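Enquirer: Structure: upload15.cif, mmCIF, C-alpha atoms.
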```cif
data_target
loop_
_atom_site.label_atom_id
_atom_site.label_comp_id
_atom_site.auth_asym_id
_atom_site.auth_seq_id
_atom_site.Cartn_x
_atom_site.Cartn_y
_atom_site.Cartn_z
CA MET A 1 73.21 83.01 157.43
CA PRO A 2 74.13 80.50 154.71
CA LEU A 3 71.25 81.79 152.58
CA ILE A 4 72.46 85.36 152.93
CA TYR A 5 76.01 84.28 152.08
CA ALA A 6 74.79 82.42 149.01
CA ALA A 7 72.86 85.43 147.82
CA GLN A 8 75.89 87.67 148.28
CA THR A 9 78.03 85.21 146.38
CA THR A 10 75.61 85.22 143.47
CA VAL A 11 75.61 89.00 143.33
CA GLN A 12 79.41 89.13 143.35
CA ARG A 13 79.97 86.49 140.65
CA GLY A 14 77.98 88.25 137.94
CA PRO A 15 80.28 91.30 137.65
CA ARG A 16 83.34 89.05 137.98
CA GLN A 17 82.18 86.92 135.05
CA MET A 18 81.45 90.01 132.99
CA SER A 19 84.88 91.36 133.88
CA GLN A 20 86.51 88.13 132.69
CA ARG A 21 84.64 88.26 129.40
CA ALA A 22 85.55 91.92 128.94
CA LYS A 23 89.18 91.11 129.71
CA ALA A 24 89.17 88.37 127.08
CA VAL A 25 87.89 90.82 124.48
CA GLN A 26 90.76 93.16 125.35
CA ASP A 27 93.46 90.47 125.09
CA PRO A 28 94.92 90.73 121.56
CA ARG A 29 96.53 87.28 121.71
CA ALA A 30 93.28 85.58 122.74
CA LEU A 31 91.45 87.51 120.04
CA ALA A 32 94.06 86.52 117.45
CA LEU A 33 93.61 82.86 118.38
CA THR A 34 89.86 83.20 117.83
CA LEU A 35 90.51 84.56 114.34
CA ILE A 36 93.05 81.83 113.54
CA ALA A 37 90.67 79.07 114.63
CA GLY A 38 87.86 80.61 112.58
CA VAL A 39 90.05 80.51 109.46
CA GLU A 40 91.76 77.14 109.94
CA ARG A 41 88.92 75.06 111.30
CA ASP A 42 85.75 76.85 110.22
CA ARG A 43 87.13 77.95 106.81
CA ARG A 44 85.82 81.49 107.29
CA SER A 45 87.47 84.64 105.99
CA LEU A 46 89.20 87.11 108.28
CA ALA A 47 86.99 89.85 106.85
CA ASP A 48 83.86 88.03 108.00
CA LEU A 49 85.32 87.14 111.39
CA GLU A 50 86.44 90.71 112.01
CA ALA A 51 82.93 91.98 111.33
CA GLU A 52 81.53 89.97 114.25
CA ALA A 53 81.88 89.67 118.00
CA PRO A 54 84.17 89.31 119.82
CA TYR A 55 86.53 91.10 117.41
CA LYS A 56 84.28 94.05 116.62
CA ASP A 57 83.67 94.67 120.35
CA ALA A 58 87.36 95.17 121.18
CA GLN A 59 89.11 98.52 121.40
CA PRO A 60 90.72 99.75 118.13
CA GLU A 61 94.29 99.20 119.32
CA VAL A 62 93.41 95.66 120.46
CA ARG A 63 91.75 94.89 117.13
CA ALA A 64 94.76 96.21 115.25
CA ARG A 65 97.23 94.07 117.17
CA ALA A 66 95.03 90.97 117.11
CA GLY A 67 94.58 91.26 113.36
CA ARG A 68 98.31 91.68 112.83
CA LEU A 69 99.14 88.69 115.04
CA ALA A 70 96.56 86.49 113.32
CA ARG A 71 97.80 87.35 109.83
CA GLN A 72 101.42 86.96 110.84
CA THR A 73 100.74 83.53 112.38
CA LEU A 74 98.73 82.28 109.39
CA ARG A 75 101.40 83.56 107.02
CA LEU A 76 104.23 81.80 108.86
CA SER A 77 102.52 78.71 110.26
CA SER A 78 104.65 76.16 108.39
CA ARG A 79 107.87 77.95 109.36
CA ALA A 80 106.70 77.93 112.98
CA ASP A 81 105.93 74.20 112.74
CA ALA A 82 109.40 73.50 111.38
CA ALA A 83 111.06 75.43 114.21
CA LEU A 84 108.85 73.89 116.90
CA GLY A 85 109.04 70.32 115.60
CA PRO A 86 112.38 69.27 117.21
CA PHE A 87 111.04 70.24 120.64
CA LEU A 88 107.72 68.39 120.42
CA ALA A 89 107.35 64.74 121.36
CA ARG A 90 104.02 64.47 119.52
CA PRO A 91 101.69 66.75 117.54
CA PRO A 92 99.80 69.05 119.96
CA ARG A 93 96.06 69.61 120.07
CA PRO A 94 94.91 72.18 117.44
CA GLU A 95 94.19 74.91 120.01
CA ILE A 96 97.59 74.38 121.66
CA ARG A 97 99.32 74.22 118.29
CA ASP A 98 97.86 77.68 117.50
CA ILE A 99 99.22 79.07 120.77
CA LEU A 100 102.67 77.67 120.00
CA ARG A 101 102.62 79.05 116.46
CA LEU A 102 101.54 82.50 117.63
CA ALA A 103 104.22 82.59 120.31
CA ALA A 104 106.85 81.36 117.85
CA THR A 105 106.11 84.20 115.42
CA GLU A 106 106.28 86.73 118.23
CA LEU A 107 109.66 85.36 119.30
CA MET A 108 111.18 85.00 115.85
CA VAL A 109 109.62 87.91 113.95
CA ASP A 110 108.80 90.57 116.50
CA GLY A 111 111.81 89.89 118.71
CA SER A 112 109.59 90.10 121.78
CA ALA A 113 111.09 89.36 125.20
CA PRO A 114 110.97 85.56 125.65
CA HIS A 115 109.82 85.62 129.27
CA GLY A 116 106.77 87.72 128.42
CA VAL A 117 105.80 85.68 125.35
CA VAL A 118 106.22 82.37 127.21
CA SER A 119 104.27 83.59 130.22
CA GLU A 120 101.33 84.78 128.10
CA ALA A 121 101.31 81.56 126.09
CA VAL A 122 101.22 79.47 129.26
CA THR A 123 98.32 81.56 130.57
CA LEU A 124 96.39 81.00 127.32
CA ALA A 125 97.14 77.26 127.45
CA LYS A 126 95.84 77.00 131.03
CA LYS A 127 92.51 78.44 129.89
CA ARG A 128 92.17 76.07 126.93
CA HIS A 129 93.81 72.83 128.04
CA PRO A 130 95.47 73.15 131.47
CA ARG A 131 97.38 69.88 131.23
CA SER A 132 99.25 71.24 128.20
CA SER A 133 100.55 74.36 129.92
CA GLY A 134 103.72 72.68 131.20
CA MET A 135 104.56 71.42 127.72
CA VAL A 136 103.95 74.88 126.26
CA ASN A 137 106.29 76.40 128.81
CA ALA A 138 109.06 73.87 128.13
CA VAL A 139 108.78 73.93 124.33
CA LEU A 140 108.77 77.71 124.03
CA ARG A 141 111.74 78.09 126.36
CA LYS A 142 113.70 75.66 124.18
CA LEU A 143 112.54 77.45 121.04
CA ALA A 144 113.66 80.82 122.40
CA ALA A 145 117.09 79.38 123.22
CA ASP A 146 117.76 77.11 120.23
CA GLY A 147 115.06 77.59 117.59
CA ARG A 148 116.46 80.35 115.39
CA ASP A 149 118.35 78.05 113.03
CA GLY A 150 115.31 75.85 112.42
CA TRP A 151 113.16 78.91 111.76
CA ASP A 152 115.60 80.48 109.31
CA LYS A 153 116.24 77.27 107.35
CA ALA A 154 112.59 76.31 106.94
CA PRO A 155 111.28 76.59 103.36
CA PRO A 156 108.43 79.01 102.60
CA LYS A 157 104.90 77.80 103.22
CA ARG A 158 103.60 75.82 100.25
CA LEU A 159 100.31 76.74 98.64
CA PRO A 160 97.47 74.18 98.68
CA GLY A 161 97.92 71.44 96.10
CA TRP A 162 95.00 72.47 93.89
CA LEU A 163 96.37 76.01 93.59
CA ARG A 164 100.07 75.22 93.45
CA GLY A 165 99.52 72.72 90.64
CA ARG A 166 97.68 75.25 88.50
CA LEU A 167 100.23 77.98 89.13
CA SER A 168 103.15 75.63 88.42
CA SER A 169 101.56 74.74 85.08
CA ALA A 170 101.23 78.43 84.24
CA TYR A 171 104.52 79.81 85.58
CA GLY A 172 106.83 76.90 86.45
CA ASN A 173 107.88 75.59 89.86
CA ALA A 174 110.78 78.01 90.32
CA ARG A 175 108.61 81.07 89.85
CA VAL A 176 105.88 79.70 92.11
CA ALA A 177 108.51 79.15 94.83
CA LYS A 178 109.42 82.84 94.55
CA MET A 179 105.76 83.76 94.94
CA GLU A 180 105.49 81.59 98.04
CA ALA A 181 108.49 83.40 99.53
CA VAL A 182 106.75 86.74 98.92
CA PHE A 183 103.52 85.43 100.47
CA GLU A 184 105.41 84.95 103.75
CA THR A 185 106.38 88.62 103.94
CA THR A 186 104.39 91.44 105.48
CA PRO A 187 103.27 93.61 102.54
CA PRO A 188 104.15 97.30 102.40
CA VAL A 189 101.45 99.97 102.38
CA ASP A 190 100.98 101.83 99.09
CA VAL A 191 98.90 104.95 98.61
CA THR A 192 97.52 106.72 95.55
CA PRO A 193 97.98 110.52 95.55
CA ARG A 194 94.89 112.48 94.61
CA GLY A 195 96.95 114.78 92.41
CA PRO A 196 100.46 116.13 91.76
CA ASP A 197 100.21 118.71 94.55
CA ALA A 198 98.84 116.38 97.21
CA ALA A 199 100.35 116.50 100.71
CA LEU A 200 101.94 113.10 101.15
CA PRO A 201 103.54 111.09 103.96
CA GLU A 202 107.16 110.03 103.72
CA GLY A 203 107.81 107.15 101.34
CA GLU A 204 109.24 105.86 98.06
CA SER A 205 107.77 107.15 94.81
CA LEU A 206 107.12 104.10 92.65
CA PRO A 207 107.63 104.23 88.86
CA THR A 208 103.89 103.94 88.11
CA GLY A 209 102.85 106.88 90.31
CA SER A 210 102.01 105.23 93.64
CA LEU A 211 103.77 106.01 96.91
CA ARG A 212 105.12 103.20 99.12
CA LEU A 213 105.09 104.37 102.73
CA ALA A 214 108.28 104.20 104.77
CA THR A 215 106.74 103.79 108.23
CA PRO A 216 102.93 103.51 107.94
CA GLY A 217 101.95 103.45 111.63
CA ARG A 218 98.38 104.58 112.17
CA ILE A 219 97.12 105.48 108.69
CA SER A 220 94.58 108.08 109.83
CA ALA A 221 97.32 110.02 111.66
CA LEU A 222 99.53 110.51 108.58
CA PRO A 223 99.90 113.88 106.81
CA GLY A 224 97.26 114.49 104.17
CA TYR A 225 94.82 111.82 105.38
CA ASP A 226 92.23 114.19 106.85
CA ASP A 227 92.50 116.40 103.77
CA GLY A 228 91.77 113.49 101.44
CA ALA A 229 95.10 113.94 99.68
CA TRP A 230 95.54 110.18 99.15
CA TRP A 231 94.04 106.77 99.86
CA VAL A 232 95.48 103.33 100.54
CA GLN A 233 95.72 101.21 97.38
CA ASP A 234 98.30 98.67 96.24
CA ALA A 235 100.42 99.87 93.33
CA ALA A 236 99.05 97.11 91.07
CA ALA A 237 95.44 97.89 91.99
CA ALA A 238 96.01 101.52 90.93
CA LEU A 239 96.98 100.57 87.37
CA PRO A 240 93.57 99.66 85.82
CA ALA A 241 92.13 103.14 86.36
CA ARG A 242 95.30 104.70 84.99
CA LEU A 243 95.07 102.56 81.87
CA LEU A 244 91.42 103.54 81.41
CA ASP A 245 92.51 107.20 81.35
CA ALA A 246 89.11 108.74 82.18
CA GLN A 247 88.71 112.33 80.95
CA PRO A 248 86.80 115.29 82.43
CA GLY A 249 83.13 115.15 81.51
CA GLU A 250 83.15 111.53 80.33
CA ARG A 251 80.49 109.14 81.60
CA VAL A 252 82.45 106.43 83.37
CA LEU A 253 81.23 103.25 85.07
CA ASP A 254 83.14 101.49 87.84
CA LEU A 255 81.61 98.02 87.76
CA CYS A 256 81.93 95.96 90.96
CA ALA A 257 83.28 99.09 92.61
CA ALA A 258 83.66 98.18 96.30
CA PRO A 259 85.73 98.92 98.28
CA GLY A 260 86.22 101.93 96.02
CA GLY A 261 89.87 102.85 95.49
CA LYS A 262 89.44 102.81 91.71
CA THR A 263 86.28 104.91 91.99
CA LEU A 264 88.28 107.60 93.79
CA GLN A 265 90.89 107.54 91.02
CA LEU A 266 88.23 107.92 88.34
CA ALA A 267 86.39 110.69 90.23
CA ALA A 268 89.65 112.62 90.67
CA THR A 269 89.94 112.98 86.88
CA GLY A 270 86.80 115.11 86.69
CA ALA A 271 84.78 112.40 84.96
CA SER A 272 81.12 111.76 85.81
CA VAL A 273 81.46 108.46 87.65
CA THR A 274 78.88 105.81 88.49
CA ALA A 275 80.04 103.26 91.05
CA LEU A 276 78.02 100.06 91.03
CA ASP A 277 78.25 97.11 93.41
CA VAL A 278 75.87 94.43 94.63
CA SER A 279 76.88 94.91 98.29
CA ASP A 280 75.61 98.02 100.04
CA GLN A 281 77.68 97.11 103.11
CA ARG A 282 80.94 96.93 101.14
CA LEU A 283 80.16 100.31 99.58
CA GLY A 284 80.27 101.86 103.04
CA ARG A 285 84.01 102.42 102.85
CA LEU A 286 83.61 104.14 99.48
CA ARG A 287 81.02 106.50 100.93
CA ASP A 288 83.39 107.34 103.79
CA ASN A 289 86.30 107.96 101.43
CA LEU A 290 84.23 110.11 99.08
CA ALA A 291 83.26 112.26 102.07
CA ARG A 292 86.89 112.44 103.27
CA THR A 293 88.30 113.37 99.86
CA GLY A 294 85.47 115.63 98.74
CA LEU A 295 85.17 113.67 95.49
CA ALA A 296 81.82 112.84 93.89
CA ALA A 297 80.36 109.68 92.37
CA GLU A 298 76.89 108.28 91.90
CA ILE A 299 76.59 105.09 93.95
CA VAL A 300 74.29 102.36 92.69
CA VAL A 301 73.53 99.21 94.66
CA ALA A 302 72.51 96.61 92.08
CA ASP A 303 73.34 93.28 90.46
CA ALA A 304 75.58 94.13 87.51
CA THR A 305 74.27 91.17 85.53
CA ALA A 306 70.76 92.64 85.54
CA TRP A 307 71.20 96.44 85.89
CA GLN A 308 70.33 98.57 82.85
CA PRO A 309 71.83 102.06 82.42
CA GLU A 310 69.91 104.82 80.68
CA ALA A 311 72.67 105.26 78.10
CA GLY A 312 76.01 103.77 77.13
CA PHE A 313 79.21 104.79 78.92
CA ASP A 314 82.31 106.37 77.42
CA ALA A 315 84.57 104.21 79.59
CA ILE A 316 84.07 101.23 81.90
CA LEU A 317 86.35 99.68 84.50
CA LEU A 318 85.43 96.11 85.46
CA ASP A 319 87.24 94.83 88.54
CA ALA A 320 85.61 91.42 88.45
CA PRO A 321 85.09 89.26 91.56
CA CYS A 322 87.79 86.60 91.62
CA SER A 323 89.77 84.17 93.77
CA ALA A 324 92.08 87.04 94.86
CA THR A 325 95.04 84.65 94.71
CA GLY A 326 97.30 87.55 93.77
CA THR A 327 96.73 89.11 97.20
CA ILE A 328 97.63 86.18 99.47
CA ARG A 329 100.44 88.19 101.07
CA ARG A 330 97.75 90.62 102.28
CA HIS A 331 95.13 87.94 102.91
CA PRO A 332 96.85 84.81 104.28
CA ASP A 333 93.45 83.30 105.04
CA LEU A 334 92.69 82.81 101.32
CA PRO A 335 94.52 79.47 100.88
CA TYR A 336 92.33 78.05 103.67
CA ILE A 337 88.98 79.19 102.32
CA LYS A 338 89.25 79.01 98.50
CA SER A 339 88.76 75.94 96.31
CA ALA A 340 88.98 74.89 92.68
CA ALA A 341 85.18 74.69 92.51
CA GLN A 342 84.87 78.34 93.57
CA VAL A 343 87.31 79.38 90.86
CA ARG A 344 85.17 77.70 88.18
CA GLU A 345 82.11 79.55 89.44
CA LEU A 346 83.97 82.86 89.55
CA ALA A 347 85.35 82.44 86.03
CA ALA A 348 81.81 81.92 84.72
CA LEU A 349 80.67 85.08 86.53
CA GLN A 350 83.63 87.05 85.13
CA THR A 351 82.67 86.04 81.58
CA THR A 352 79.08 87.13 82.19
CA LEU A 353 80.17 90.47 83.66
CA LEU A 354 82.54 91.14 80.76
CA GLU A 355 79.70 90.50 78.32
CA ARG A 356 77.44 92.89 80.24
CA ALA A 357 80.16 95.53 80.38
CA ALA A 358 80.62 95.32 76.61
CA GLU A 359 76.88 95.84 76.15
CA MET A 360 76.92 98.94 78.39
CA LEU A 361 79.87 100.51 76.53
CA ARG A 362 79.03 102.96 73.76
CA PRO A 363 80.61 102.48 70.30
CA GLY A 364 84.09 104.01 70.39
CA GLY A 365 84.30 103.58 74.17
CA ARG A 366 87.12 102.10 76.26
CA LEU A 367 86.99 99.19 78.70
CA VAL A 368 89.56 97.86 81.16
CA VAL A 369 88.96 94.51 82.88
CA CYS A 370 91.08 93.28 85.76
CA THR A 371 91.24 90.54 88.38
CA CYS A 372 93.60 90.26 91.34
CA SER A 373 94.10 86.59 90.46
CA LEU A 374 97.16 84.63 89.41
CA LEU A 375 95.13 81.96 87.64
CA PRO A 376 94.97 82.12 83.82
CA GLN A 377 91.39 80.83 84.12
CA GLU A 378 90.55 84.23 85.63
CA GLY A 379 92.75 86.24 83.26
CA GLU A 380 94.46 85.13 80.07
CA ASP A 381 91.83 82.46 79.35
CA LEU A 382 88.72 84.62 79.85
CA ALA A 383 86.44 84.68 76.82
CA VAL A 384 86.27 88.20 75.37
CA PRO A 385 83.10 89.39 73.58
CA ALA A 386 83.48 89.77 69.82
CA SER A 387 82.39 93.41 70.11
CA LEU A 388 85.69 94.33 71.82
CA VAL A 389 89.17 94.68 70.35
CA PRO A 390 92.49 94.97 72.25
CA ASP A 391 93.72 98.49 72.99
CA PRO A 392 97.56 98.36 73.00
CA GLU A 393 97.75 102.17 73.14
CA ALA A 394 96.47 102.02 76.72
CA MET A 395 99.96 100.95 77.81
CA ASP A 396 101.35 104.30 76.63
CA ARG A 397 99.09 106.16 79.06
CA VAL A 398 100.95 104.93 82.15
CA PRO A 399 104.65 105.68 82.63
CA GLY A 400 106.86 103.29 84.54
CA LEU A 401 105.28 99.99 83.50
CA ASP A 402 107.78 97.14 83.74
CA PRO A 403 108.32 95.66 80.25
CA SER A 404 108.25 92.16 81.76
CA TRP A 405 104.58 92.69 82.68
CA ALA A 406 103.49 92.81 79.02
CA ALA A 407 101.45 89.66 78.38
CA ARG A 408 100.00 90.39 74.93
CA PRO A 409 98.86 93.54 73.11
CA GLY A 410 96.88 95.67 75.54
CA ALA A 411 97.32 93.35 78.54
CA LEU A 412 99.50 93.07 81.66
CA ARG A 413 100.31 90.06 83.85
CA ILE A 414 101.75 91.10 87.21
CA THR A 415 102.88 88.51 89.75
CA PRO A 416 103.78 89.00 93.43
CA GLU A 417 107.52 88.46 93.08
CA ASN A 418 107.73 91.40 90.64
CA TRP A 419 109.42 94.40 92.27
CA ALA A 420 110.83 92.00 94.89
CA GLU A 421 113.63 94.46 95.62
CA ARG A 422 110.97 97.03 96.53
CA GLY A 423 108.84 94.67 98.64
CA GLY A 424 106.74 92.96 95.97
CA ILE A 425 103.37 93.85 94.49
CA ASP A 426 99.92 92.28 94.29
CA GLY A 427 99.28 89.85 91.44
CA PHE A 428 96.92 91.16 88.73
CA TRP A 429 95.62 90.47 85.26
CA ILE A 430 94.74 93.73 83.46
CA ALA A 431 93.49 94.00 79.88
CA ALA A 432 92.39 97.09 77.91
CA TYR A 433 89.85 97.03 75.06
CA ARG A 434 87.99 99.36 72.71
CA LYS A 435 84.56 99.01 71.15
CA PRO A 436 84.84 99.92 67.48
CA GLY A 437 82.53 102.53 65.99
CA GLY A 438 81.32 105.89 67.21
CA ALA A 439 82.09 109.35 66.00
#
```
Now that the file is in, can you turn its structure into structure tokens?

Expert:
Amino acid sequence: MPLIYAAQTTVQRGPRQMSQRAKAVQDPRALALTLIAGVERDRRSLADLEAEAPYKDAQPEVRARAGRLARQTLRLSSRADAALGPFLARPPRPEIRDILRLAATELMVDGSAPHGVVSEAVTLAKKRHPRSSGMVNAVLRKLAADGRDGWDKAPPKRLPGWLRGRLSSAYGNARVAKMEAVFETTPPVDVTPRGPDAALPEGESLPTGSLRLATPGRISALPGYDDGAWWVQDAAAALPARLLDAQPGERVLDLCAAPGGKTLQLAATGASVTALDVSDQRLGRLRDNLARTGLAAEIVVADATAWQPEAGFDAILLDAPCSATGTIRRHPDLPYIKSAAQVRELAALQTTLLERAAEMLRPGGRLVVCTCSLLPQEGEDLAVPASLVPDPEAMDRVPGLDPSWAARPGALRITPENWAERGGIDGFWIAAYRKPGGA
């Protein structure tokens, strides 16, 4: 009898264990904590973490909420710490600290019902460190009752010292503080219309031609998405292709093309576009968007530093790999995973790519180089090949450019606190050049 009972018990525990694992994958808070730990302690990017289990195995709505919670918590971690601090007798364990931070952002930002947030946080604490669950319960109840003032008065999260020092040298402390305030905000969603007659969702028409959505919701459910009438692209990221001003029939190269928003812009002009990137996986989204929009481009998977075209191009857009420090509001994991050493390596690669782009440009051709970086090392200070000259006339091709963005002839410096009254904008360095000669 005992043997039979033991066998039955073994049979019953397998499905129960699988059910518990499946339940964990469907818990957005637990999934968000996995992402947060991967960023903070393993120094891995959210993009990499979201491409793996357990995140990729969850249902779409669970993934969406988990990703939002993780980004929100990373963005506001120092504000959460400031609000929680008066109610903590000592610093909590890292995994419990993450639970408290996540719950604090739900309470203070989402306005979620305190009893539900506290209950879920206690449940998560019991699974990770049961002896901390009572403390979690007590602290969050106090926070819900008396924590608003501490939250509101907390200063914005400071950037890492290596980055803040460099930005302060370039822009001054006051301007960097404004950037840090923007980095705490949830960024709006901008889209690029395919053309003047495109069916668009409701939103604000921005001066440079982008549309800032009023209530994004599920992107794929918005009017015009299935018809390929637009694609998601920050207003700043849409400017390089507009400055390049590709014309029908021109041979145009989008160098380092993934994820492909600029390729779509170039293809929509009627130009013959080649989109090149070293990562076949990252080009997957471009392939999907080309199919959705019905636009055409030749996709080449190759190393841009070694690839040789059959002939020179009329126009080239180089969106060079960079530290992406201008997009921290969209990618709050970046301060955790970037370093000064990486920036030096990237700046060297950018110089090499710019030299290669100049070689692939025909005489008389146009080139626009951009980086979504705030660091002069990846923008203003980049060495420009002697074969290129600035193209100030490129600025006349795009209406609505803010005069304060003008950095020098043919170049723009955009920083995140620009358009603050509209919700900000990604930071970019954009420079336009011509190659003398030609017919």

Enquirer: Show me, as a short mmCIF file (atom, residue, chain, number, x, y, z; two decimals) with C-alpha atoms, in the coordinates of the input, the residues that have an atom within 6 Å of range 372-388 of chain A when counting only C-alpha atoms, minus same-chain residues fewer than 3 positions from it.

Expert:
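Final file, selection22.cif:
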```
data_model
loop_
_atom_site.label_atom_id
_atom_site.label_comp_id
_atom_site.auth_asym_id
_atom_site.auth_seq_id
_atom_site.Cartn_x
_atom_site.Cartn_y
_atom_site.Cartn_z
CA SER A 323 89.77 84.17 93.77
CA ALA A 324 92.08 87.04 94.86
CA THR A 325 95.04 84.65 94.71
CA GLY A 326 97.30 87.55 93.77
CA ALA A 347 85.35 82.44 86.03
CA GLU A 355 79.70 90.50 78.32
CA GLY A 427 99.28 89.85 91.44
CA PHE A 428 96.92 91.16 88.73
CA TRP A 429 95.62 90.47 85.26
CA TYR A 433 89.85 97.03 75.06
CA ARG A 434 87.99 99.36 72.71
CA LYS A 435 84.56 99.01 71.15
#
```

Enquirer: List the spatial neighbours of Ala64 in chain A as a PyMOL selection string - criterion: any atom at most 12 Å away, only C-alpha atoms, same-chain residues fewer than 2 positions off excluded.

Expert: chain A and resi 26-29+31-32+50+55-56+58-62+66-71+217-219

Enquirer: Using only C-alpha atoms, which residues sit within 7 Å of Val369 in chain A once same-chain residues fewer than 4 positions away are excluded, as a PyMOL selection string?

Expert: chain A and resi 317-319+430-432

Enquirer: To verify the selection step, state as a list in words which residues the PyMOL selection byres ((chain A and resi 81-93) around 6) yields on this input.

Expert: Ser78, Arg79, Ala80, Pro94, Glu95, Ile96, Arg97, Val139, Gly147, Gly150 and Trp151 of chain A

Enquirer: Mind pulling up the distance from CA of Asn137 in chain A to CA of His115 in chain A?

Expert: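 The value is 9.9 Å.
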